[in-house]
file start_15.txt (compact mmCIF, C-alpha atoms)
# COMPACT_ATOMS: atom_id res chain seq x y z
CA MET G 264 62.11 99.26 84.17
CA SER G 265 64.44 97.03 86.13
CA VAL G 266 66.24 98.36 89.19
CA LEU G 267 69.42 97.61 87.23
CA ASP G 268 68.56 100.57 85.02
CA PHE G 269 68.23 102.98 87.94
CA PRO G 270 71.11 105.43 88.43
CA LEU G 271 73.76 104.22 90.88
CA ARG G 272 72.77 106.89 93.36
CA GLU G 273 69.21 105.55 93.42
CA GLN G 274 70.37 101.96 93.69
CA ALA G 275 72.55 102.94 96.65
CA ALA G 276 69.59 104.64 98.34
CA LEU G 277 67.44 101.51 97.91
CA LEU G 278 70.22 99.36 99.37
CA GLN G 279 70.70 101.66 102.33
CA SER G 280 66.97 101.80 103.06
CA GLY G 281 66.64 98.03 102.92
CA GLU G 282 64.14 98.11 100.06
CA LEU G 283 66.72 96.21 98.02
CA THR G 284 69.30 93.77 99.35
CA ALA G 285 72.83 93.35 98.05
CA ALA G 286 72.10 89.68 97.34
CA GLU G 287 69.06 90.59 95.24
CA LEU G 288 71.00 93.16 93.23
CA TRP G 289 73.86 90.72 92.74
CA THR G 290 71.51 88.03 91.43
CA LEU G 291 69.72 90.44 89.09
CA THR G 292 73.05 91.63 87.71
CA MET G 293 74.42 88.14 87.14
CA ASP G 294 71.17 87.03 85.51
CA ARG G 295 71.28 89.96 83.09
CA ILE G 296 74.92 89.34 82.21
CA LYS G 297 74.21 85.69 81.53
CA ALA G 298 71.17 86.58 79.41
CA ARG G 299 72.69 89.38 77.35
CA ASP G 300 76.43 88.94 77.08
CA GLY G 301 76.41 86.04 74.66
CA LYS G 302 76.41 88.50 71.77
CA LEU G 303 78.22 91.41 73.39
CA ARG G 304 81.17 89.31 74.61
CA SER G 305 82.13 91.97 77.11
CA PHE G 306 82.99 89.74 80.09
CA VAL G 307 86.03 87.46 80.08
CA HIS G 308 85.66 86.30 83.69
CA LEU G 309 82.72 86.34 86.10
CA SER G 310 82.92 86.38 89.88
CA ASP G 311 82.25 83.02 91.51
CA GLY G 312 79.38 84.50 93.50
CA GLU G 313 81.15 86.14 96.39
CA THR G 314 79.05 87.98 98.94
CA PRO G 315 79.36 91.74 98.38
CA ALA G 316 81.30 93.51 101.10
CA GLU G 317 79.64 95.63 103.74
CA GLY G 318 79.88 99.40 103.43
CA PRO G 319 77.91 102.51 102.47
CA LEU G 320 77.75 101.34 98.84
CA SER G 321 77.24 97.69 99.77
CA GLY G 322 76.25 95.59 96.79
CA LEU G 323 76.64 98.11 93.96
CA PRO G 324 78.09 96.13 91.03
CA ILE G 325 80.99 97.28 88.90
CA ALA G 326 82.94 95.63 86.08
CA VAL G 327 86.74 95.88 85.87
CA LYS G 328 88.97 96.03 82.79
CA ASP G 329 91.21 93.00 82.53
CA ILE G 330 94.47 94.85 83.10
CA ILE G 331 93.37 95.89 86.61
CA ASP G 332 93.91 93.39 89.43
CA VAL G 333 90.94 92.06 91.38
CA ALA G 334 91.85 89.70 94.21
CA GLY G 335 90.97 86.11 93.36
CA MET G 336 90.28 86.84 89.69
CA PRO G 337 92.74 86.23 86.85
CA THR G 338 94.39 89.17 85.12
CA ARG G 339 95.13 88.15 81.51
CA CYS G 340 95.52 91.55 79.84
CA GLY G 341 93.84 90.06 76.77
CA SER G 342 97.00 88.12 75.89
CA HIS G 343 98.22 84.53 75.63
CA ALA G 344 101.54 85.86 76.95
CA HIS G 345 100.12 86.77 80.36
CA GLU G 346 99.95 83.95 82.89
CA GLY G 347 96.53 84.96 84.15
CA ALA G 348 97.00 83.64 87.68
CA PRO G 349 94.43 84.92 90.17
CA ALA G 350 95.57 88.23 91.62
CA GLU G 351 96.69 88.05 95.21
CA LYS G 352 95.31 91.47 96.06
CA ASP G 353 93.19 94.22 94.61
CA ALA G 354 94.61 97.14 92.70
CA SER G 355 94.39 100.21 94.94
CA VAL G 356 91.41 101.63 93.06
CA VAL G 357 89.52 98.34 93.38
CA ALA G 358 90.40 98.06 97.06
CA THR G 359 89.02 101.56 97.64
CA LEU G 360 85.74 100.72 95.92
CA ARG G 361 85.47 97.36 97.67
CA ALA G 362 86.03 99.01 101.07
CA LEU G 363 82.92 101.07 100.37
CA GLY G 364 81.02 97.91 99.50
CA MET G 365 81.07 98.02 95.70
CA ALA G 366 81.17 94.55 94.22
CA PRO G 367 83.40 93.61 91.24
CA VAL G 368 81.16 91.28 89.23
CA GLY G 369 83.88 90.28 86.81
CA LYS G 370 86.63 91.23 84.41
CA VAL G 371 85.81 92.73 81.02
CA ALA G 372 87.65 92.54 77.73
CA THR G 373 90.58 94.70 76.71
CA TYR G 374 92.64 94.95 73.58
CA GLU G 375 95.87 93.02 74.16
CA TYR G 376 97.88 94.81 76.86
CA ALA G 377 95.74 97.91 76.13
CA LEU G 378 97.48 98.26 72.77
CA THR G 379 95.88 98.09 69.33
CA GLY G 380 92.84 96.15 68.22
CA PRO G 381 90.59 94.52 67.52
CA ALA G 382 92.70 91.47 66.74
CA TYR G 383 91.81 87.84 66.16
CA ASP G 384 94.73 86.03 67.80
CA GLN G 385 93.82 86.90 71.40
CA PRO G 386 92.46 84.47 73.99
CA ASN G 387 88.99 85.99 74.12
CA GLN G 388 86.54 87.02 71.44
CA THR G 389 86.37 90.74 70.78
CA ALA G 390 83.65 92.75 72.53
CA ARG G 391 80.84 93.92 70.23
CA ASN G 392 79.17 97.30 69.99
CA PRO G 393 75.68 97.03 71.52
CA TRP G 394 74.32 99.27 68.75
CA SER G 395 75.61 96.97 66.01
CA GLU G 396 77.37 93.64 66.30
CA ALA G 397 79.15 94.45 63.04
CA HIS G 398 80.96 97.42 64.61
CA ILE G 399 83.74 97.75 67.17
CA THR G 400 83.31 99.33 70.58
CA GLY G 401 86.62 101.12 70.34
CA GLY G 402 89.50 100.36 72.62
CA SER G 403 91.29 99.50 74.54
CA SER G 404 88.53 99.51 77.20
CA SER G 405 86.34 97.56 74.80
CA GLY G 406 84.57 95.30 77.26
CA SER G 407 83.97 98.17 79.70
CA ALA G 408 82.12 100.11 77.00
CA ALA G 409 80.12 97.13 75.78
CA ALA G 410 79.06 96.15 79.31
CA VAL G 411 77.87 99.67 80.16
CA ALA G 412 76.25 100.53 76.83
CA GLY G 413 74.60 97.12 76.79
CA GLY G 414 73.04 97.70 80.21
CA LEU G 415 74.88 94.87 81.96
CA VAL G 416 76.29 97.25 84.58
CA ARG G 417 75.86 100.97 85.20
CA ALA G 418 79.62 101.51 85.46
CA ALA G 419 82.92 99.84 84.65
CA LEU G 420 86.55 100.70 85.28
CA GLY G 421 88.69 101.36 82.24
CA THR G 422 92.10 102.83 81.58
CA ASP G 423 93.00 105.69 79.26
CA THR G 424 96.47 106.15 77.77
CA GLY G 425 95.58 107.88 74.53
CA GLY G 426 91.79 107.86 74.64
CA SER G 427 90.98 104.32 75.78
CA VAL G 428 88.15 105.42 78.09
CA ARG G 429 86.81 108.23 75.93
CA SER G 430 86.88 106.71 72.45
CA PRO G 431 84.96 103.52 73.44
CA ALA G 432 82.48 105.73 75.29
CA SER G 433 82.02 107.80 72.13
CA TYR G 434 81.67 104.81 69.82
CA SER G 435 79.34 102.92 72.18
CA GLY G 436 77.11 105.73 73.46
CA CYS G 437 78.07 106.03 77.12
CA VAL G 438 80.00 108.48 79.31
CA GLY G 439 83.75 108.16 79.75
CA LEU G 440 85.67 110.23 82.31
CA LYS G 441 89.47 110.48 82.16
CA PRO G 442 90.57 112.03 85.45
CA THR G 443 93.47 114.40 85.91
CA HIS G 444 96.70 112.43 85.64
CA GLY G 445 97.61 111.15 89.11
CA ALA G 446 94.14 111.61 90.62
CA VAL G 447 93.66 107.83 90.82
CA PRO G 448 96.48 105.45 91.87
CA ASN G 449 97.77 103.08 89.18
CA ASP G 450 99.33 100.37 91.35
CA GLY G 451 97.87 96.98 90.51
CA VAL G 452 97.19 98.15 86.96
CA PHE G 453 99.39 96.66 84.25
CA PRO G 454 101.16 99.66 82.72
CA LEU G 455 101.20 100.69 79.10
CA SER G 456 102.77 104.15 79.36
CA GLN G 457 103.10 105.39 82.93
CA SER G 458 103.39 109.04 82.00
CA LEU G 459 100.01 108.86 80.26
CA ASP G 460 98.02 106.04 81.93
CA VAL G 461 94.91 107.00 83.92
CA VAL G 462 92.17 104.83 85.46
CA GLY G 463 88.69 106.19 84.86
CA PRO G 464 85.04 105.13 84.80
CA LEU G 465 82.80 104.39 81.85
CA ALA G 466 79.23 104.90 82.96
CA ALA G 467 75.63 105.03 81.81
CA SER G 468 75.26 108.70 82.75
CA VAL G 469 77.29 111.69 83.84
CA ASP G 470 75.98 111.37 87.38
CA ASP G 471 77.01 107.70 87.49
CA ALA G 472 80.51 108.65 86.30
CA ALA G 473 80.78 111.37 88.95
CA PHE G 474 79.45 108.97 91.59
CA VAL G 475 82.13 106.38 90.80
CA PHE G 476 84.86 109.03 90.57
CA ASP G 477 83.94 110.26 94.05
CA ALA G 478 84.05 106.71 95.39
CA MET G 479 87.47 106.17 93.76
CA THR G 480 89.01 109.36 95.09
CA GLY G 481 87.10 110.41 98.21
CA ARG G 482 86.22 113.70 96.55
CA ASP G 483 82.76 115.20 95.94
CA ILE G 484 82.52 116.35 92.34
CA SER G 485 78.90 115.16 92.44
CA ALA G 486 78.12 118.43 94.24
CA GLU G 487 78.70 120.17 90.89
CA VAL G 488 76.31 117.90 89.00
CA GLY G 489 72.94 119.58 88.62
CA LYS G 490 74.17 123.15 88.84
CA ASP G 491 73.24 125.37 85.91
CA ILE G 492 75.87 126.51 83.45
CA LYS G 493 74.65 130.05 82.82
CA GLY G 494 77.52 132.41 82.20
CA LEU G 495 80.19 129.73 81.96
CA ARG G 496 82.64 130.39 79.12
CA ILE G 497 83.38 127.39 76.91
CA GLY G 498 86.07 127.46 74.24
CA TYR G 499 84.84 125.67 71.10
CA ALA G 500 87.85 124.34 69.19
CA ARG G 501 86.00 124.04 65.89
CA ASP G 502 88.98 124.61 63.62
CA TRP G 503 90.78 121.72 65.34
CA PHE G 504 88.66 119.23 63.39
CA VAL G 505 86.42 120.89 60.82
CA ASN G 506 89.05 120.89 58.05
CA ASP G 507 90.45 117.45 58.83
CA PRO G 508 89.71 115.16 55.83
CA ALA G 509 89.04 112.34 58.29
CA CYS G 510 86.22 114.28 59.99
CA GLU G 511 82.78 113.24 58.79
CA GLN G 512 80.22 115.96 58.08
CA TYR G 513 77.79 114.41 60.55
CA VAL G 514 80.37 114.96 63.31
CA ILE G 515 80.66 118.64 62.38
CA ASP G 516 76.88 118.98 62.38
CA ALA G 517 76.54 117.23 65.74
CA MET G 518 79.26 119.36 67.32
CA ASP G 519 77.70 122.60 66.05
CA ASP G 520 74.36 121.43 67.45
CA ALA G 521 76.02 120.62 70.78
CA ALA G 522 77.61 124.06 70.96
CA GLY G 523 74.23 125.57 70.15
CA MET G 524 72.53 123.59 72.91
CA LEU G 525 75.14 124.66 75.46
CA SER G 526 74.54 128.24 74.38
CA GLN G 527 70.79 127.81 74.86
CA LEU G 528 71.52 126.56 78.37
CA GLY G 529 73.27 129.82 79.12
CA ALA G 530 76.91 129.05 78.47
CA VAL G 531 78.98 131.54 76.50
CA ILE G 532 80.49 129.73 73.51
CA GLU G 533 83.63 131.25 72.02
CA LEU G 534 85.52 129.93 69.02
CA ILE G 535 89.19 129.29 69.78
CA THR G 536 92.18 128.21 67.74
CA LEU G 537 94.39 125.38 68.96
CA PRO G 538 97.76 124.28 67.54
CA ASP G 539 97.89 121.68 64.77
CA TYR G 540 96.79 118.28 66.05
CA ALA G 541 99.07 116.08 63.93
CA PRO G 542 102.36 116.76 65.77
CA MET G 543 100.63 116.08 69.07
CA GLU G 544 99.58 112.64 67.90
CA VAL G 545 103.04 111.84 66.55
CA MET G 546 104.83 112.87 69.74
CA GLY G 547 102.26 111.18 71.96
CA CYS G 548 102.75 107.92 70.07
CA VAL G 549 106.50 108.19 70.65
CA GLN G 550 105.86 108.48 74.39
CA ILE G 551 103.59 105.45 74.37
CA GLN G 552 105.89 103.29 72.26
CA ALA G 553 109.00 104.20 74.26
CA GLU G 554 107.47 103.36 77.63
CA ALA G 555 105.56 100.33 76.33
CA TRP G 556 108.82 98.84 75.02
CA GLU G 557 110.44 99.25 78.43
CA ASN G 558 107.43 97.59 80.07
CA HIS G 559 107.34 94.65 77.66
CA LYS G 560 110.87 93.86 76.50
CA ALA G 561 111.34 91.27 79.25
CA GLY G 562 107.94 89.74 78.48
CA LEU G 563 108.73 89.56 74.78
CA ALA G 564 112.02 87.87 75.52
CA LYS G 565 110.25 85.31 77.70
CA SER G 566 107.13 84.64 75.61
CA TYR G 567 107.50 86.23 72.19
CA ASP G 568 105.08 83.84 70.48
CA GLY G 569 102.49 84.42 73.19
CA TYR G 570 102.03 88.00 72.04
CA GLY G 571 99.66 88.62 69.17
CA LEU G 572 101.06 89.74 65.83
CA ASP G 573 99.72 93.31 66.07
CA ALA G 574 100.93 93.66 69.65
CA ARG G 575 104.43 92.49 68.71
CA ARG G 576 104.64 94.91 65.82
CA ASN G 577 103.45 97.76 67.99
CA LEU G 578 105.84 97.05 70.82
CA LEU G 579 108.90 96.42 68.67
CA SER G 580 108.53 99.86 67.12
CA GLY G 581 109.50 101.23 70.52
CA ALA G 582 112.83 99.42 70.37
CA MET G 583 113.84 101.49 67.35
CA LEU G 584 113.41 104.87 69.05
CA ASP G 585 116.61 106.70 69.96
CA GLU G 586 117.07 108.75 73.11
CA ALA G 587 116.98 112.08 71.27
CA THR G 588 113.58 111.27 69.73
CA ILE G 589 112.17 110.15 73.07
CA LYS G 590 113.48 113.25 74.85
CA ALA G 591 111.99 115.46 72.13
CA ALA G 592 108.59 113.84 72.67
CA PHE G 593 108.63 114.37 76.43
CA ASP G 594 109.83 117.95 76.01
CA PHE G 595 107.04 118.52 73.51
CA ALA G 596 104.50 117.19 76.03
CA ALA G 597 105.77 119.57 78.72
CA ASP G 598 105.41 122.53 76.37
CA LEU G 599 101.99 121.29 75.31
CA ARG G 600 100.82 121.29 78.91
CA THR G 601 101.68 124.99 79.12
CA THR G 602 99.88 125.61 75.82
CA PHE G 603 96.66 124.04 77.08
CA ASP G 604 96.95 125.64 80.51
CA GLU G 605 96.98 128.99 78.73
CA ALA G 606 94.14 127.97 76.41
CA LEU G 607 91.99 126.89 79.37
CA GLU G 608 92.76 129.85 81.62
CA PRO G 609 89.78 132.01 80.51
CA PHE G 610 87.37 129.10 80.11
CA ALA G 611 85.45 126.66 82.27
CA ALA G 612 86.13 123.97 79.63
CA LEU G 613 87.13 123.33 76.06
CA LEU G 614 84.75 121.61 73.63
CA THR G 615 85.94 119.23 70.89
CA PRO G 616 84.73 115.98 69.31
CA THR G 617 85.94 112.77 70.92
CA THR G 618 86.21 110.85 67.64
CA LEU G 619 85.82 112.11 64.08
CA SER G 620 83.45 109.36 62.97
CA THR G 621 81.15 106.69 64.30
CA ALA G 622 82.55 103.27 65.22
CA PRO G 623 84.31 101.50 62.35
CA ALA G 624 83.13 98.08 61.24
CA PHE G 625 84.97 94.88 62.18
CA ALA G 626 85.35 94.24 58.48
CA ASP G 627 87.71 97.22 58.29
CA PHE G 628 90.20 95.38 60.51
CA GLU G 629 90.38 92.04 58.72
CA ASP G 630 93.82 92.85 57.31
CA GLY G 631 95.22 94.37 60.50
CA PRO G 632 95.07 97.60 62.53
CA VAL G 633 93.31 100.62 61.08
CA TRP G 634 94.05 104.19 62.17
CA THR G 635 90.97 105.87 63.65
CA ALA G 636 90.78 109.65 63.94
CA MET G 637 90.29 110.97 67.48
CA ARG G 638 91.01 114.12 69.48
CA THR G 639 91.99 112.51 72.77
CA LEU G 640 95.74 111.84 73.05
CA PRO G 641 96.90 115.43 73.74
CA PHE G 642 95.08 115.46 77.07
CA ASN G 643 96.92 112.35 78.22
CA MET G 644 100.15 114.13 77.31
CA THR G 645 99.17 117.22 79.30
CA GLY G 646 97.33 115.41 82.11
CA HIS G 647 94.16 117.53 81.93
CA PRO G 648 90.83 115.87 82.83
CA ALA G 649 88.49 115.15 79.93
CA SER G 650 85.14 113.47 79.43
CA SER G 651 83.27 112.04 76.47
CA VAL G 652 79.51 112.51 76.48
CA PRO G 653 76.98 111.23 73.91
CA CYS G 654 75.98 114.02 71.52
CA GLY G 655 73.96 112.35 68.79
CA PHE G 656 73.72 109.52 66.30
CA ALA G 657 74.64 108.93 62.68
CA HIS G 658 73.65 105.85 60.67
CA GLY G 659 72.29 104.31 63.87
CA LEU G 660 75.59 104.62 65.76
CA PRO G 661 76.46 107.00 68.64
CA LEU G 662 78.65 110.09 68.54
CA GLY G 663 80.54 111.67 71.42
CA MET G 664 81.67 115.17 72.31
CA GLN G 665 84.65 115.85 74.56
CA LEU G 666 84.86 118.38 77.36
CA VAL G 667 88.32 119.22 78.70
CA GLY G 668 88.90 120.99 82.02
CA ARG G 669 91.64 122.56 84.08
CA PHE G 670 93.70 120.36 86.39
CA GLY G 671 91.57 118.90 89.15
CA GLU G 672 88.32 120.30 87.75
CA GLU G 673 86.53 117.07 86.95
CA GLY G 674 83.52 118.56 88.73
CA MET G 675 83.27 121.42 86.27
CA ILE G 676 83.33 119.23 83.18
CA CYS G 677 80.75 116.93 84.77
CA ARG G 678 78.58 119.96 85.57
CA ILE G 679 78.60 121.04 81.92
CA ALA G 680 78.22 117.49 80.63
CA HIS G 681 75.26 116.80 82.91
CA ALA G 682 73.46 119.98 81.86
CA PHE G 683 73.89 118.95 78.22
CA GLU G 684 72.85 115.37 78.93
CA GLN G 685 69.65 116.46 80.69
CA ALA G 686 68.70 118.82 77.85
CA THR G 687 69.12 116.21 75.10
CA ASN G 688 68.04 112.66 74.38
CA HIS G 689 71.35 111.16 73.34
CA THR G 690 71.64 108.66 76.20
CA ALA G 691 69.19 106.16 74.71
CA ARG G 692 70.07 102.49 75.07
CA PRO G 693 69.91 99.90 72.29
CA ALA G 694 67.26 97.18 72.34
CA LEU G 695 69.11 93.92 72.92
CA GLN G 696 68.03 90.33 72.46
CA ASP G 697 69.06 87.77 75.04
CA GLY G 698 71.38 84.97 74.02
CA PRO G 699 73.60 82.27 75.56
CA LEU G 700 76.64 83.32 77.55
CA GLU G 701 80.00 81.86 76.60
CA ILE G 702 83.07 82.74 78.67
CA THR G 703 86.38 80.99 78.02
CA ASP G 704 88.16 80.85 81.37
call {"tool": "encode", "arguments": {"input": "start_15.txt", "output": "structure tokens"}}
result
Amino acid sequence: MSVLDFPLREQAALLQSGELTAAELWTLTMDRIKARDGKLRSFVHLSDGETPAEGPLSGLPIAVKDIIDVAGMPTRCGSHAHEGAPAEKDASVVATLRALGMAPVGKVATYEYALTGPAYDQPNQTARNPWSEAHITGGSSSGSAAAVAGGLVRAALGTDTGGSVRSPASYSGCVGLKPTHGAVPNDGVFPLSQSLDVVGPLAASVDDAAFVFDAMTGRDISAEVGKDIKGLRIGYARDWFVNDPACEQYVIDAMDDAAGMLSQLGAVIELITLPDYAPMEVMGCVQIQAEAWENHKAGLAKSYDGYGLDARRNLLSGAMLDEATIKAAFDFAADLRTTFDEALEPFAALLTPTTLSTAPAFADFEDGPVWTAMRTLPFNMTGHPASSVPCGFAHGLPLGMQLVGRFGEEGMICRIAHAFEQATNHTARPALQDGPLEITD
């Protein structure tokens, strides 16, 4: 096994002891990217070989979604409409990681402006699912998921507005952590919907995700990782998905198995009833479209033809929303926060699926965007932390379960997720063949 496949915590220990140098780790990482990413297409820009900064995490590599600024690297947001000039300074989250010594190895693909996808009129080819080149990774943090699941890096930064960290993690077989809204600063991140946007890590394991979260925030949720979960009450929202026609039977089976495993580990699983999901998705989409229109109307006026067709259609829908509809959506979100606060009050976490199927095929998108069933958007609306963790496979593709926690309790959901992860074998990695690397800069 290569040192690149060691957990981040172990890599950091080797760097600090001098058994591994930052230059060696950098070279190994770049060599693997160049050998493997020809088929995955996760990276859209590679670092020019900068020397990793000094610090306690000196040399640990991380990939960054291409709507997050990294000094000296272009930010293109996956769009012909974005100038893509090298950023003058790091986004705050990148600056924090760099101050500790973590090294941004490059920018990874995103759906255009973190909107819908995949699409075929964007400047870069679409990232591929490491488990099957014929299937999507999910979005919009598509390159982040492909890079992590493909073993190019142990962790990547993504953003999550309606599930864009968690759904790619689910479809690609890695861990995705959406922090509590506001836990990570968003300056230097191109906004989609400010009331919902959150920066979070996609990682090869729960411990890696907790490790990066701690580095991003200065907290220590890693102290929770490894603790047992005996006696913890978990609310299993089974009726929130089991009768949905879009939910595949293999998802139901995997979720029941996951609940059973958590019970075997000592958690107390209790069935709970949550309000109907459909209105949450409708109102959440209104929030996104309203704020996205405000963020992009000047850009559309300046470079309408630079936007892809799907992006234009999505954004222009926001222009048709009236103030009463927008206010109703934000009022709904405020009430929903209270609803989930009350639902979480007796529990350490809530358990739901992340997505209701495995990753769709690219062929499904040849005629334009396709709706994919998820259970993620409500927790952007309420701001609660949530994580997607691999929970099985169907037809050779990964499945993910979602754990949702109280405000600020990322440590608790990582504690439960880690216990599940260690008791199962769902974090396998696909066998990948090396191929030529092609990056269009």
call {"tool": "closest_residue", "arguments": {"input": "start_15.txt", "among": "G:Thr359, G:Gln279, G:Thr292, G:Ser310", "to": "G:Val475", "atoms": "all atoms listed in the file"}}
result
G:Thr359
call {"tool": "residues_near_point", "arguments": {"input": "start_15.txt", "point": "(89.5, 88.4, 94.2)", "cutoff": "8 Å", "atoms": "all atoms listed in the file", "output": "list in words"}}
result
Val333, Ala334, Gly335, Met336, Pro349, Ala350, Glu351, Lys352 and Asp353 of chain G
call {"tool": "closest_residue", "arguments": {"input": "start_15.txt", "among": "G:Ser620, G:Phe306, G:Arg361, G:Leu607", "to": "G:Ala509", "atoms": "all atoms listed in the file"}}
result
G:Ser620
call {"tool": "atom_distance", "arguments": {"input": "start_15.txt", "atom1": "atom CA of G:Phe683", "atom2": "atom CA of G:Ala486"}}
result
16.6 Å
call {"tool": "residues_around", "arguments": {"input": "start_15.txt", "residues": "G:Ala382", "least_positions_apart": "6", "cutoff": "10 Å", "atoms": "all atoms listed in the file", "output": "list in words"}}
result
Tyr374, Glu375, Gln388, Thr389, Gly571, Leu572, Asp573, Ala574, Phe625, Phe628, Glu629, Asp630, Gly631 and Pro632 of chain G
call {"tool": "residues_around", "arguments": {"input": "start_15.txt", "residues": "G:Ala500", "least_positions_apart": "3", "cutoff": "10 Å", "atoms": "only C-alpha atoms", "output": "number ranges by chain"}}
result
G: 497, 503-505, 533-537, 613-616
call {"tool": "residues_around", "arguments": {"input": "start_15.txt", "residues": "stretch 657-669 of chain G", "least_positions_apart": "3", "cutoff": "7 Å", "atoms": "all atoms listed in the file", "output": "number ranges by chain"}}
result
G: 394, 433-436, 513, 518, 607, 611-618, 621, 647-654, 672-673, 676
call {"tool": "decode", "arguments": {"input": "start_15.txt", "residues": "stretch 503-514 of chain G", "atoms": "N, CA and C atoms", "output": "PDB file, in the first residue's frame"}}
result
ATOM      1  N   TRP G 503     -39.903   8.389   5.714  1.00  0.00           N
ATOM      2  CA  TRP G 503     -39.569   9.565   4.913  1.00  0.00           C
ATOM      3  C   TRP G 503     -39.149   9.186   3.496  1.00  0.00           C
ATOM      4  N   PHE G 504     -38.903   7.881   3.276  1.00  0.00           N
ATOM      5  CA  PHE G 504     -38.420   7.456   1.962  1.00  0.00           C
ATOM      6  C   PHE G 504     -39.013   6.134   1.492  1.00  0.00           C
ATOM      7  N   VAL G 505     -39.470   5.291   2.420  1.00  0.00           N
ATOM      8  CA  VAL G 505     -39.806   3.926   2.039  1.00  0.00           C
ATOM      9  C   VAL G 505     -40.975   3.852   1.062  1.00  0.00           C
ATOM     10  N   ASN G 506     -41.885   4.810   1.115  1.00  0.00           N
ATOM     11  CA  ASN G 506     -43.044   4.804   0.218  1.00  0.00           C
ATOM     12  C   ASN G 506     -42.890   5.732  -0.976  1.00  0.00           C
ATOM     13  N   ASP G 507     -41.719   6.331  -1.123  1.00  0.00           N
ATOM     14  CA  ASP G 507     -41.468   7.203  -2.263  1.00  0.00           C
ATOM     15  C   ASP G 507     -41.252   6.334  -3.503  1.00  0.00           C
ATOM     16  N   PRO G 508     -42.025   6.526  -4.579  1.00  0.00           N
ATOM     17  CA  PRO G 508     -41.849   5.702  -5.783  1.00  0.00           C
ATOM     18  C   PRO G 508     -40.455   5.779  -6.376  1.00  0.00           C
ATOM     19  N   ALA G 509     -39.735   6.865  -6.069  1.00  0.00           N
ATOM     20  CA  ALA G 509     -38.383   7.017  -6.606  1.00  0.00           C
ATOM     21  C   ALA G 509     -37.349   6.214  -5.819  1.00  0.00           C
ATOM     22  N   CYS G 510     -37.733   5.696  -4.652  1.00  0.00           N
ATOM     23  CA  CYS G 510     -36.780   4.980  -3.804  1.00  0.00           C
ATOM     24  C   CYS G 510     -36.655   3.535  -4.255  1.00  0.00           C
ATOM     25  N   GLU G 511     -35.456   3.131  -4.593  1.00  0.00           N
ATOM     26  CA  GLU G 511     -35.198   1.765  -5.023  1.00  0.00           C
ATOM     27  C   GLU G 511     -35.217   0.811  -3.829  1.00  0.00           C
ATOM     28  N   GLN G 512     -35.650  -0.426  -4.071  1.00  0.00           N
ATOM     29  CA  GLN G 512     -35.735  -1.400  -2.990  1.00  0.00           C
ATOM     30  C   GLN G 512     -34.364  -1.658  -2.369  1.00  0.00           C
ATOM     31  N   TYR G 513     -33.316  -1.619  -3.184  1.00  0.00           N
ATOM     32  CA  TYR G 513     -31.987  -1.875  -2.620  1.00  0.00           C
ATOM     33  C   TYR G 513     -31.576  -0.789  -1.627  1.00  0.00           C
ATOM     34  N   VAL G 514     -32.085   0.432  -1.788  1.00  0.00           N
ATOM     35  CA  VAL G 514     -31.817   1.487  -0.812  1.00  0.00           C
ATOM     36  C   VAL G 514     -32.526   1.170   0.501  1.00  0.00           C
TER      37      VAL G 514
END
